Structure formats: structure tokens, C-alpha cells
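Chemist: The following file, structure.csv, comprises CSV, C-alpha atoms (C1' of nucleotides):
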```
chain,number,residue,atom,x,y,z
A,1,MET,CA,0.0,0.0,0.0
A,2,GLU,CA,0.7,3.6,0.3
A,3,ASP,CA,2.5,4.4,-3.0
A,4,SER,CA,0.3,4.9,-6.0
A,5,SER,CA,1.4,6.2,-9.3
A,6,LEU,CA,-1.6,8.5,-9.6
A,7,CYS,CA,-1.4,12.3,-9.4
A,8,PRO,CA,-0.9,13.4,-5.8
A,9,ARG,CA,-3.1,16.5,-6.3
A,10,PHE,CA,-5.9,14.3,-7.6
A,11,GLU,CA,-5.5,12.0,-4.6
A,12,LYS,CA,-5.5,14.9,-2.2
A,13,ALA,CA,-8.7,16.3,-3.8
A,14,VAL,CA,-10.4,12.9,-3.7
A,15,GLY,CA,-9.3,12.5,-0.1
A,16,ILE,CA,-11.1,15.8,0.8
A,17,ILE,CA,-14.2,15.3,-1.3
A,18,SER,CA,-14.7,11.7,-0.4
A,19,GLN,CA,-14.1,12.1,3.3
A,20,ARG,CA,-17.5,11.1,4.7
A,21,TRP,CA,-19.9,14.0,5.1
A,22,ASN,CA,-17.7,16.6,3.5
A,23,ALA,CA,-19.5,16.6,0.1
A,24,LEU,CA,-22.9,16.9,1.9
A,25,ILE,CA,-21.6,19.7,4.1
A,26,ILE,CA,-20.2,21.6,1.1
A,27,TYR,CA,-23.4,21.0,-1.0
A,28,GLN,CA,-25.5,22.2,1.9
A,29,LEU,CA,-23.4,25.4,2.2
A,30,LEU,CA,-23.9,26.2,-1.5
A,31,SER,CA,-27.3,27.6,-0.6
A,32,GLY,CA,-25.7,30.2,1.7
A,33,PRO,CA,-24.0,30.7,5.1
A,34,GLN,CA,-25.5,28.5,7.8
A,35,ARG,CA,-25.2,27.8,11.5
A,36,ASN,CA,-24.0,24.5,13.1
A,37,HIS,CA,-27.5,23.2,13.9
A,38,GLU,CA,-28.9,24.1,10.5
A,39,ILE,CA,-26.3,22.0,8.8
A,40,LYS,CA,-26.8,19.3,11.3
A,41,ASP,CA,-30.5,19.1,10.8
A,42,ALA,CA,-30.2,19.3,7.0
A,43,ILE,CA,-27.9,16.5,6.4
A,44,GLY,CA,-28.4,14.3,9.4
A,45,ILE,CA,-24.8,14.3,10.8
A,46,SER,CA,-24.0,13.9,14.5
A,47,GLY,CA,-22.8,16.9,16.4
A,48,ARG,CA,-19.5,15.2,17.1
A,49,LEU,CA,-18.6,14.6,13.5
A,50,LEU,CA,-20.0,17.9,12.3
A,51,SER,CA,-17.6,19.8,14.6
A,52,GLU,CA,-14.8,17.6,13.4
A,53,ARG,CA,-15.5,18.0,9.7
A,54,LEU,CA,-16.1,21.8,10.0
A,55,LYS,CA,-12.7,22.1,11.6
A,56,ASP,CA,-11.1,20.0,8.9
A,57,LEU,CA,-12.7,22.0,6.1
A,58,GLU,CA,-11.8,25.3,7.7
A,59,ALA,CA,-8.2,24.0,7.9
A,60,GLU,CA,-8.4,23.3,4.2
A,61,ASP,CA,-9.7,26.8,3.6
A,62,ILE,CA,-12.8,25.4,2.1
A,63,ILE,CA,-15.2,26.9,4.6
A,64,HIS,CA,-15.0,30.0,6.8
A,65,ARG,CA,-16.2,30.3,10.4
A,66,GLU,CA,-17.6,33.6,11.4
A,67,VAL,CA,-18.4,34.5,15.0
A,68,TYR,CA,-21.0,37.2,15.4
A,69,ALA,CA,-20.7,38.7,18.9
A,70,GLU,CA,-24.4,39.1,19.4
A,71,THR,CA,-26.3,37.9,22.3
A,72,PRO,CA,-26.5,35.0,22.2
A,73,VAL,CA,-23.4,34.6,20.1
A,74,ARG,CA,-24.1,33.4,16.5
A,75,ILE,CA,-21.6,31.3,14.6
A,76,GLU,CA,-22.0,31.0,10.8
A,77,TYR,CA,-20.2,28.8,8.4
A,78,SER,CA,-19.8,29.7,4.7
A,79,LEU,CA,-17.9,28.6,1.7
A,80,THR,CA,-14.6,30.4,0.8
A,81,ASP,CA,-13.6,31.0,-2.8
A,82,LYS,CA,-12.0,27.6,-2.8
A,83,GLY,CA,-15.2,26.1,-1.4
A,84,HIS,CA,-17.4,27.8,-4.0
A,85,SER,CA,-15.1,26.5,-6.7
A,86,LEU,CA,-16.4,23.1,-5.9
A,87,LYS,CA,-19.9,24.0,-7.2
A,88,PRO,CA,-19.5,22.6,-10.7
A,89,LEU,CA,-18.4,19.3,-9.1
A,90,MET,CA,-21.5,19.2,-6.9
A,91,LYS,CA,-23.7,20.0,-9.9
A,92,ASP,CA,-22.0,17.1,-11.8
A,93,ILE,CA,-22.8,14.7,-8.9
A,94,LYS,CA,-26.4,16.0,-8.9
A,95,ALA,CA,-26.7,15.6,-12.7
A,96,TRP,CA,-25.2,12.1,-12.6
A,97,ALA,CA,-27.5,11.1,-9.7
A,98,ASP,CA,-30.6,12.4,-11.6
A,99,GLU,CA,-29.6,10.5,-14.7
A,100,TRP,CA,-28.4,7.2,-13.2
A,101,ILE,CA,-29.7,6.7,-9.7
A,102,ASP,CA,-33.0,5.1,-9.4
A,103,THR,CA,-35.1,5.8,-6.4
A,104,PRO,CA,-38.6,4.8,-7.3
A,105,THR,CA,-40.0,5.4,-3.9
A,106,HIS,CA,-38.8,9.0,-3.7
A,107,LYS,CA,-39.9,12.0,-5.7
A,108,GLN,CA,-37.8,14.1,-8.0
A,109,CYS,CA,-35.8,16.8,-6.2
A,110,LYS,CA,-35.3,20.4,-7.1
A,111,SER,CA,-32.2,21.3,-9.1
B,112,MET,CA,-29.2,11.2,12.7
B,113,GLU,CA,-30.5,9.3,9.7
B,114,ASP,CA,-33.1,11.6,8.2
B,115,SER,CA,-31.9,14.5,6.1
B,116,SER,CA,-33.9,16.7,3.9
B,117,LEU,CA,-31.5,16.5,1.0
B,118,CYS,CA,-32.2,14.7,-2.2
B,119,PRO,CA,-32.0,10.9,-1.8
B,120,ARG,CA,-30.5,10.4,-5.2
B,121,PHE,CA,-27.8,12.9,-4.5
B,122,GLU,CA,-27.1,11.2,-1.2
B,123,LYS,CA,-26.9,7.8,-2.9
B,124,ALA,CA,-24.5,9.2,-5.5
B,125,VAL,CA,-22.3,10.8,-2.9
B,126,GLY,CA,-22.4,7.5,-1.0
B,127,ILE,CA,-21.0,5.7,-4.0
B,128,ILE,CA,-18.5,8.3,-5.1
B,129,SER,CA,-17.2,9.1,-1.7
B,130,GLN,CA,-16.9,5.5,-0.5
B,131,ARG,CA,-13.2,5.2,0.1
B,132,TRP,CA,-11.2,4.0,-3.0
B,133,ASN,CA,-14.2,4.1,-5.3
B,134,ALA,CA,-13.2,7.3,-7.0
B,135,LEU,CA,-9.6,6.2,-7.5
B,136,ILE,CA,-10.7,2.9,-8.9
B,137,ILE,CA,-13.1,4.5,-11.4
B,138,TYR,CA,-10.5,7.2,-12.3
B,139,GLN,CA,-8.0,4.4,-13.0
B,140,LEU,CA,-10.4,2.5,-15.2
B,141,LEU,CA,-11.0,5.6,-17.3
B,142,SER,CA,-7.7,4.7,-19.1
B,143,GLY,CA,-9.1,1.3,-20.1
B,144,PRO,CA,-9.9,-2.2,-18.9
B,145,GLN,CA,-7.5,-3.5,-16.3
B,146,ARG,CA,-6.8,-6.5,-14.2
B,147,ASN,CA,-6.9,-6.8,-10.4
B,148,HIS,CA,-3.2,-6.4,-9.8
B,149,GLU,CA,-2.9,-3.5,-12.2
B,150,ILE,CA,-5.5,-1.5,-10.3
B,151,LYS,CA,-3.9,-2.6,-7.1
B,152,ASP,CA,-0.5,-1.4,-8.0
B,153,ALA,CA,-1.7,1.8,-9.6
B,154,ILE,CA,-3.7,3.2,-6.7
B,155,GLY,CA,-2.1,1.4,-3.7
B,156,ILE,CA,-5.1,-0.3,-2.3
B,157,SER,CA,-4.9,-3.6,-0.4
B,158,GLY,CA,-6.1,-6.8,-2.1
B,159,ARG,CA,-8.8,-7.3,0.5
B,160,LEU,CA,-10.4,-3.9,-0.1
B,161,LEU,CA,-10.0,-4.0,-3.8
B,162,SER,CA,-11.9,-7.2,-4.1
B,163,GLU,CA,-14.6,-5.8,-1.9
B,164,ARG,CA,-14.9,-2.5,-3.8
B,165,LEU,CA,-14.9,-4.2,-7.2
B,166,LYS,CA,-17.8,-6.4,-6.1
B,167,ASP,CA,-19.6,-3.3,-4.8
B,168,LEU,CA,-19.1,-1.4,-8.0
B,169,GLU,CA,-20.1,-4.3,-10.1
B,170,ALA,CA,-23.3,-4.6,-8.0
B,171,GLU,CA,-23.9,-0.9,-8.8
B,172,ASP,CA,-23.4,-1.6,-12.5
B,173,ILE,CA,-20.5,0.8,-12.6
B,174,ILE,CA,-17.9,-1.7,-13.6
B,175,HIS,CA,-18.0,-5.0,-15.5
B,176,ARG,CA,-16.0,-8.1,-14.6
B,177,GLU,CA,-15.0,-10.2,-17.6
B,178,VAL,CA,-13.5,-13.6,-17.3
B,179,TYR,CA,-11.3,-14.7,-20.2
B,180,ALA,CA,-11.0,-18.5,-20.1
B,181,GLU,CA,-7.4,-18.5,-21.2
B,182,THR,CA,-4.7,-20.4,-19.4
B,183,PRO,CA,-4.0,-19.0,-17.0
B,184,VAL,CA,-7.4,-17.4,-16.6
B,185,ARG,CA,-7.4,-13.6,-17.1
B,186,ILE,CA,-10.0,-11.4,-15.3
B,187,GLU,CA,-10.5,-7.8,-16.5
B,188,TYR,CA,-12.5,-5.0,-15.0
B,189,SER,CA,-13.9,-2.2,-17.2
B,190,LEU,CA,-16.3,0.6,-16.8
B,191,THR,CA,-19.9,0.2,-17.9
B,192,ASP,CA,-21.9,3.0,-19.6
B,193,LYS,CA,-22.9,4.1,-16.1
B,194,GLY,CA,-19.3,4.0,-15.0
B,195,HIS,CA,-18.1,6.0,-18.1
B,196,SER,CA,-20.7,8.6,-17.4
B,197,LEU,CA,-18.7,9.5,-14.3
B,198,LYS,CA,-15.9,10.8,-16.5
B,199,PRO,CA,-16.9,14.5,-16.5
B,200,LEU,CA,-17.0,14.3,-12.7
B,201,MET,CA,-13.5,12.8,-12.5
B,202,LYS,CA,-12.3,15.5,-14.9
B,203,ASP,CA,-13.8,18.2,-12.7
B,204,ILE,CA,-12.1,16.8,-9.6
B,205,LYS,CA,-8.8,16.7,-11.6
B,206,ALA,CA,-9.4,20.3,-12.8
B,207,TRP,CA,-10.2,21.5,-9.2
B,208,ALA,CA,-7.2,19.7,-7.9
B,209,ASP,CA,-4.9,21.3,-10.4
B,210,GLU,CA,-6.2,24.8,-9.6
B,211,TRP,CA,-6.6,24.6,-5.9
B,212,ILE,CA,-4.4,21.9,-4.4
B,213,ASP,CA,-0.9,22.8,-3.7
B,214,THR,CA,1.8,20.1,-3.7
B,215,PRO,CA,5.0,22.0,-4.1
B,216,THR,CA,7.1,18.9,-3.6
B,217,HIS,CA,5.4,17.0,-6.4
B,218,LYS,CA,5.5,17.7,-10.1
B,219,GLN,CA,2.5,18.5,-12.3
B,220,CYS,CA,0.7,15.5,-13.6
B,221,LYS,CA,-0.6,14.7,-17.0
B,222,SER,CA,-4.2,15.6,-17.8
C,223,DT,C1',9.1,-31.1,-7.7
C,224,DC,C1',9.5,-26.3,-6.5
C,225,DA,C1',9.1,-21.5,-6.7
C,226,DA,C1',6.2,-17.9,-8.6
C,227,DC,C1',1.9,-15.6,-10.0
C,228,DA,C1',-3.0,-14.1,-10.0
C,229,DA,C1',-7.2,-13.4,-7.8
C,230,DG,C1',-9.3,-13.9,-3.8
C,231,DT,C1',-10.3,-15.0,1.2
C,232,DT,C1',-9.6,-15.3,6.3
C,233,DA,C1',-8.0,-13.7,10.7
C,234,DC,C1',-6.6,-10.0,13.3
C,235,DT,C1',-5.3,-5.0,14.6
C,236,DT,C1',-6.1,-0.2,14.1
C,237,DT,C1',-8.8,3.7,12.9
C,238,DA,C1',-13.2,6.0,11.9
C,239,DT,C1',-17.9,6.6,12.8
C,240,DG,C1',-22.3,6.5,15.6
C,241,DT,C1',-24.6,7.3,19.9
C,242,DA,C1',-25.5,9.6,23.9
C,243,DA,C1',-24.5,12.1,27.8
C,244,DC,C1',-22.3,16.3,29.4
C,245,DT,C1',-20.4,21.7,29.4
C,246,DA,C1',-20.9,26.6,29.4
C,247,DA,C1',-23.0,30.6,28.2
C,248,DT,C1',-27.2,32.7,27.5
C,249,DT,C1',-32.4,33.3,27.3
C,250,DA,C1',-37.1,32.8,27.6
C,251,DT,C1',-40.6,31.1,31.1
C,252,DA,C1',-43.2,30.0,35.3
D,253,DT,C1',-35.4,33.9,41.1
D,254,DA,C1',-35.4,29.1,39.9
D,255,DT,C1',-36.4,26.1,35.7
D,256,DA,C1',-36.1,24.6,31.4
D,257,DA,C1',-34.4,25.4,26.7
D,258,DT,C1',-31.0,26.7,23.1
D,259,DT,C1',-26.4,26.7,20.9
D,260,DA,C1',-21.9,25.0,19.8
D,261,DG,C1',-19.1,22.1,21.3
D,262,DT,C1',-16.6,18.0,23.9
D,263,DT,C1',-16.0,13.5,26.2
D,264,DA,C1',-16.6,8.6,26.7
D,265,DC,C1',-17.8,4.5,24.9
D,266,DA,C1',-19.7,0.8,21.4
D,267,DT,C1',-19.8,-0.6,16.7
D,268,DA,C1',-18.3,-0.6,11.9
D,269,DA,C1',-14.8,0.0,8.4
D,270,DA,C1',-10.2,0.0,6.8
D,271,DG,C1',-5.3,-1.7,7.1
D,272,DT,C1',-2.0,-5.7,7.4
D,273,DA,C1',-0.5,-10.0,6.5
D,274,DA,C1',-0.8,-14.8,6.0
D,275,DC,C1',-3.3,-18.4,3.6
D,276,DT,C1',-5.9,-20.8,-0.5
D,277,DT,C1',-6.5,-22.5,-5.2
D,278,DG,C1',-5.2,-23.1,-9.7
D,279,DT,C1',-1.8,-22.6,-13.0
D,280,DT,C1',3.0,-21.9,-15.1
D,281,DG,C1',7.7,-22.0,-16.1
D,282,DA,C1',12.4,-23.8,-14.4
```
Kindly transcribe the structure held in the file into C-alpha cells.
Modeler:
Amino acid sequence: MEDSSLCPRFEKAVGIISQRWNALIIYQLLSGPQRNHEIKDAIGISGRLLSERLKDLEAEDIIHREVYAETPVRIEYSLTDKGHSLKPLMKDIKAWADEWIDTPTHKQCKS
Amino acid sequence: MEDSSLCPRFEKAVGIISQRWNALIIYQLLSGPQRNHEIKDAIGISGRLLSERLKDLEAEDIIHREVYAETPVRIEYSLTDKGHSLKPLMKDIKAWADEWIDTPTHKQCKS
DNA sequence: TCAACAAGTTACTTTATGTAACTAATTATA
DNA sequence: TATAATTAGTTACATAAAGTAACTTGTTGA
């Protein structure tokens, strides 16, 4: 293991995107800045993992954490430029899913 | 957990693509049909997981397993139409990686 | 016959994820 | 003023997935 002949950049990108929950978090944030509990409720992740992933994605400069010193304090997560640049990718996944994934028991989703 | 309000098709697609190793296997097969050990050497996966993932991807109709009754027997894996339809996605990941991922110690890779 | 290869499988260890309870700060409610 | 509720986390523990390596089966070439 551990030494492939593939492109290291590609492997790094795949590592980020295919880390569990990351794609769903990024997809969710495409619709605008959101708070911890909003993301949590939207994608069904546990608080433990959401905190962990948000930290990871912030470290990768894909999302930005903004603290609003209101009362009570409000913390919002949003996509950085780097994060926003993943939009075409997310749209590709969505398009592929619409064409190739069969979920007869579920209705069509909005684009 | 377990009940999100996202599109079920999208979640299914993300589940497949972001399952560890799947994207690398599919990317690797974009360059043509390959045997078990070729994929293994190319992406650095263990034999155990490669067998498991190849079975999963075959069950999803993303790859095809062809047995050539030569001597010794030759087994080749290739992308199905559904698998090939993931090419734009893979290219997007590659393009994103080239633009946003910094690997100063590694050289540029072929497109 | 013996070593080597190819495609898997089995057994076992390590890491990641899921679940739930717990903080700390604030706020609305009785 | 207690009391419960909310928000963004964290901690502790159980379960599931991934990593490692040895083993199997069938065949080949020396």
C-alpha cells in the first residue's frame, strides 16, 4: 500500500471530497451561510462529526467560520472561494444522480 | 441522525463516489480495462479492499467483470456506460485539484 | 518437484464513525 | 429567582470500516 502512481493532487482532492460527510456539508453550504445546527438538521450528521468536519474543512480553507458577537453569540459557516469553486463538481454529482440513480420510492428533487 | 432533507438520489450518488477508494478505482479504469493487480499497483489499495470494492461497484453496475478462459485465466475490469458517465465528474475533480491543491514537492501530472 | 503468479479469502489490529450524555453561556418562562 | 431550553461544542464508549499479513486455489515455467 501507500505508494500509488496517480497524481498526488488528484489523490488529495479525492481525499477531501470523499471524506465522509464533506460533500454533503459543502453541498448544503452552496445555498448560503449556515449555522451549526442548520447543517446538522439538513444532512443528518451527529454533532461530534460535524464539529470535526467543520474544523477540517476550515483548515483546508474550504469553509469560513464567522463569529457574530451578538447575544446570544451566533456562529456561521460559509464557503470560501476555494469552497465555492467546488460548485461545478457538486452540480455534476447532482446531474449524474438524476440520470443514473433510481429511487422509485422517492420523488424528484429540485435542481 | 439518519433523516436528512437532502435529495435521496444525491445522497446515494455521494455515498458511492465518496466511498473510500471508489473514485480512484473509477478514475484508474477511465484509461481502459484493467486486471486486479494492475489497479492494485496503480492506486495502492490492499487486495482485501480492492476485491470488496470491485464487487460493490459491479453490483452498482458501474464496472464490469470479464473472465477470459485462457490459461492462466485472465480477469479484466472495465467501466460500464454508467461508469463511463462519471468521466466528467472525474475531470472536474482533476481540474479542481490542479487549480486549488498545492503540492510543491510534487510535479505537475498529465491531464 | 519447486518456486512464482494471480485473484481472492480469512484472521486480526487499528482507525473512523455512531450514539448519547455532558459543558458553558445565554435566554425565555413560570 | 429558579427552571427549562437553546447553541456550539466536547467527552466517553460501542460498533463498523479499513489496514496488514498470512493463507488458498489453480496454473505456469524452471
Chemist: Could you please select, counting only C-alpha atoms (C1' of nucleotides), the residues of chain D within 8 Å of chain A and state them as a list in words?
Modeler: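 The contacting residues on chain D are DT259, DA260, DG261 and DT262 of chain D.
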Chemist: Show me, as a tab-separated table, the residues of chain A having an atom within 7 Å of chain B, each with the closest atom pair and its distance in Å, using only C-alpha atoms.
Modeler:
```
residue	atom	partner	partner_atom	distance
A:Met1	CA	B:Gly155	CA	4.5
A:Glu2	CA	B:Gly155	CA	5.4
A:Asp3	CA	B:Gly155	CA	5.5
A:Ser4	CA	B:Ile154	CA	4.4
A:Ser5	CA	B:Ala153	CA	5.4
A:Leu6	CA	B:Ile154	CA	6.4
A:Cys7	CA	B:Cys220	CA	5.7
A:Arg9	CA	B:Ala208	CA	5.4
A:Phe10	CA	B:Lys205	CA	5.5
A:Ala13	CA	B:Ala208	CA	5.5
A:Ile17	CA	B:Ser129	CA	6.9
A:Ser18	CA	B:Ser129	CA	3.8
A:Gln19	CA	B:Ser129	CA	6.6
A:Arg20	CA	B:Ser129	CA	6.7
A:Asp41	CA	B:Ser115	CA	6.7
A:Ala42	CA	B:Ser115	CA	5.2
A:Ile43	CA	B:Ser115	CA	4.5
A:Gly44	CA	B:Met112	CA	4.6
A:Ile45	CA	B:Met112	CA	5.7
A:Ser46	CA	B:Met112	CA	6.1
A:Lys82	CA	B:Trp211	CA	6.9
A:Leu89	CA	B:Asp203	CA	5.9
A:Asp92	CA	B:Leu200	CA	5.8
A:Ile93	CA	B:Ala124	CA	6.7
A:Lys94	CA	B:Phe121	CA	5.6
A:Ala97	CA	B:Arg120	CA	5.5
A:Asp98	CA	B:Arg120	CA	6.7
A:Trp100	CA	B:Lys193	CA	6.9
A:Ile101	CA	B:Arg120	CA	5.9
A:Thr103	CA	B:Arg120	CA	6.6
A:Cys109	CA	B:Cys118	CA	5.8
```
Chemist: Using only C-alpha atoms (C1' of nucleotides), find which residues of chain C lie within 8 Å of chain B and jot them down as a PDB file with C-alpha atoms (C1' of nucleotides), keeping the file's coordinate frame.
Modeler:
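Heads up, here's the output in selection.pdb:
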```pdb
ATOM      1  C1'  DA C 228      -3.000 -14.100 -10.000  1.00  0.00           C
ATOM      2  C1'  DA C 229      -7.200 -13.400  -7.800  1.00  0.00           C
ATOM      3  C1'  DG C 230      -9.300 -13.900  -3.800  1.00  0.00           C
ATOM      4  C1'  DT C 231     -10.300 -15.000   1.200  1.00  0.00           C
TER       5       DT C 231
END
```
Chemist: Counting all atoms listed in the file, what is within 9 Å of segment 232-241 of chain C, bar same-chain residues fewer than 6 positions away, as number ranges by chain?
Modeler: A: 46, 49; B: 112; D: 265-272, 274-275
Chemist: Could you check how far atom C1' of DT249 of chain C sits from atom CA of Val67 of chain A, in Å to one decimal?
Modeler: 18.7 Å
Chemist: Segment 188-190 of chain B: which residues within 6 Å, counting all atoms listed in the file, same-chain residues fewer than 5 positions away excluded, as a PDB file with C-alpha atoms, in the frame of the given file?
Modeler:
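Listing of selection_30.pdb after writing:
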```pdb
ATOM      1  CA  PRO B 144      -9.900  -2.200 -18.900  1.00  0.00           C
ATOM      2  CA  GLN B 145      -7.500  -3.500 -16.300  1.00  0.00           C
ATOM      3  CA  ARG B 146      -6.800  -6.500 -14.200  1.00  0.00           C
ATOM      4  CA  ILE B 173     -20.500   0.800 -12.600  1.00  0.00           C
ATOM      5  CA  ILE B 174     -17.900  -1.700 -13.600  1.00  0.00           C
ATOM      6  CA  HIS B 175     -18.000  -5.000 -15.500  1.00  0.00           C
ATOM      7  CA  ARG B 176     -16.000  -8.100 -14.600  1.00  0.00           C
ATOM      8  CA  HIS B 195     -18.100   6.000 -18.100  1.00  0.00           C
TER       9      HIS B 195
END
```
Chemist: Grab the atom CA of Ala59 of chain A to atom C1' of DT263 of chain D distance for me, in Å with one decimal place.
Modeler: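 Taking atom CA of Ala59 of chain A and atom C1' of DT263 of chain D, their separation equals 22.5 Å.
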Chemist: Between atom C1' of DT279 of chain D and atom CA of Thr182 of chain B, what is the spacing in Å?
Modeler: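 Taking atom CA of Thr182 of chain B and atom C1' of DT279 of chain D, their separation equals 7.4 Å.
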Chemist: Quick one: of A:Leu29, A:Glu66, A:Asp61, A:Glu38, who's nearest to Thr80 of chain A, counting all atoms listed in the file?
Modeler: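 Ranked by minimum distance to Thr80 of chain A, first place goes to A:Asp61.
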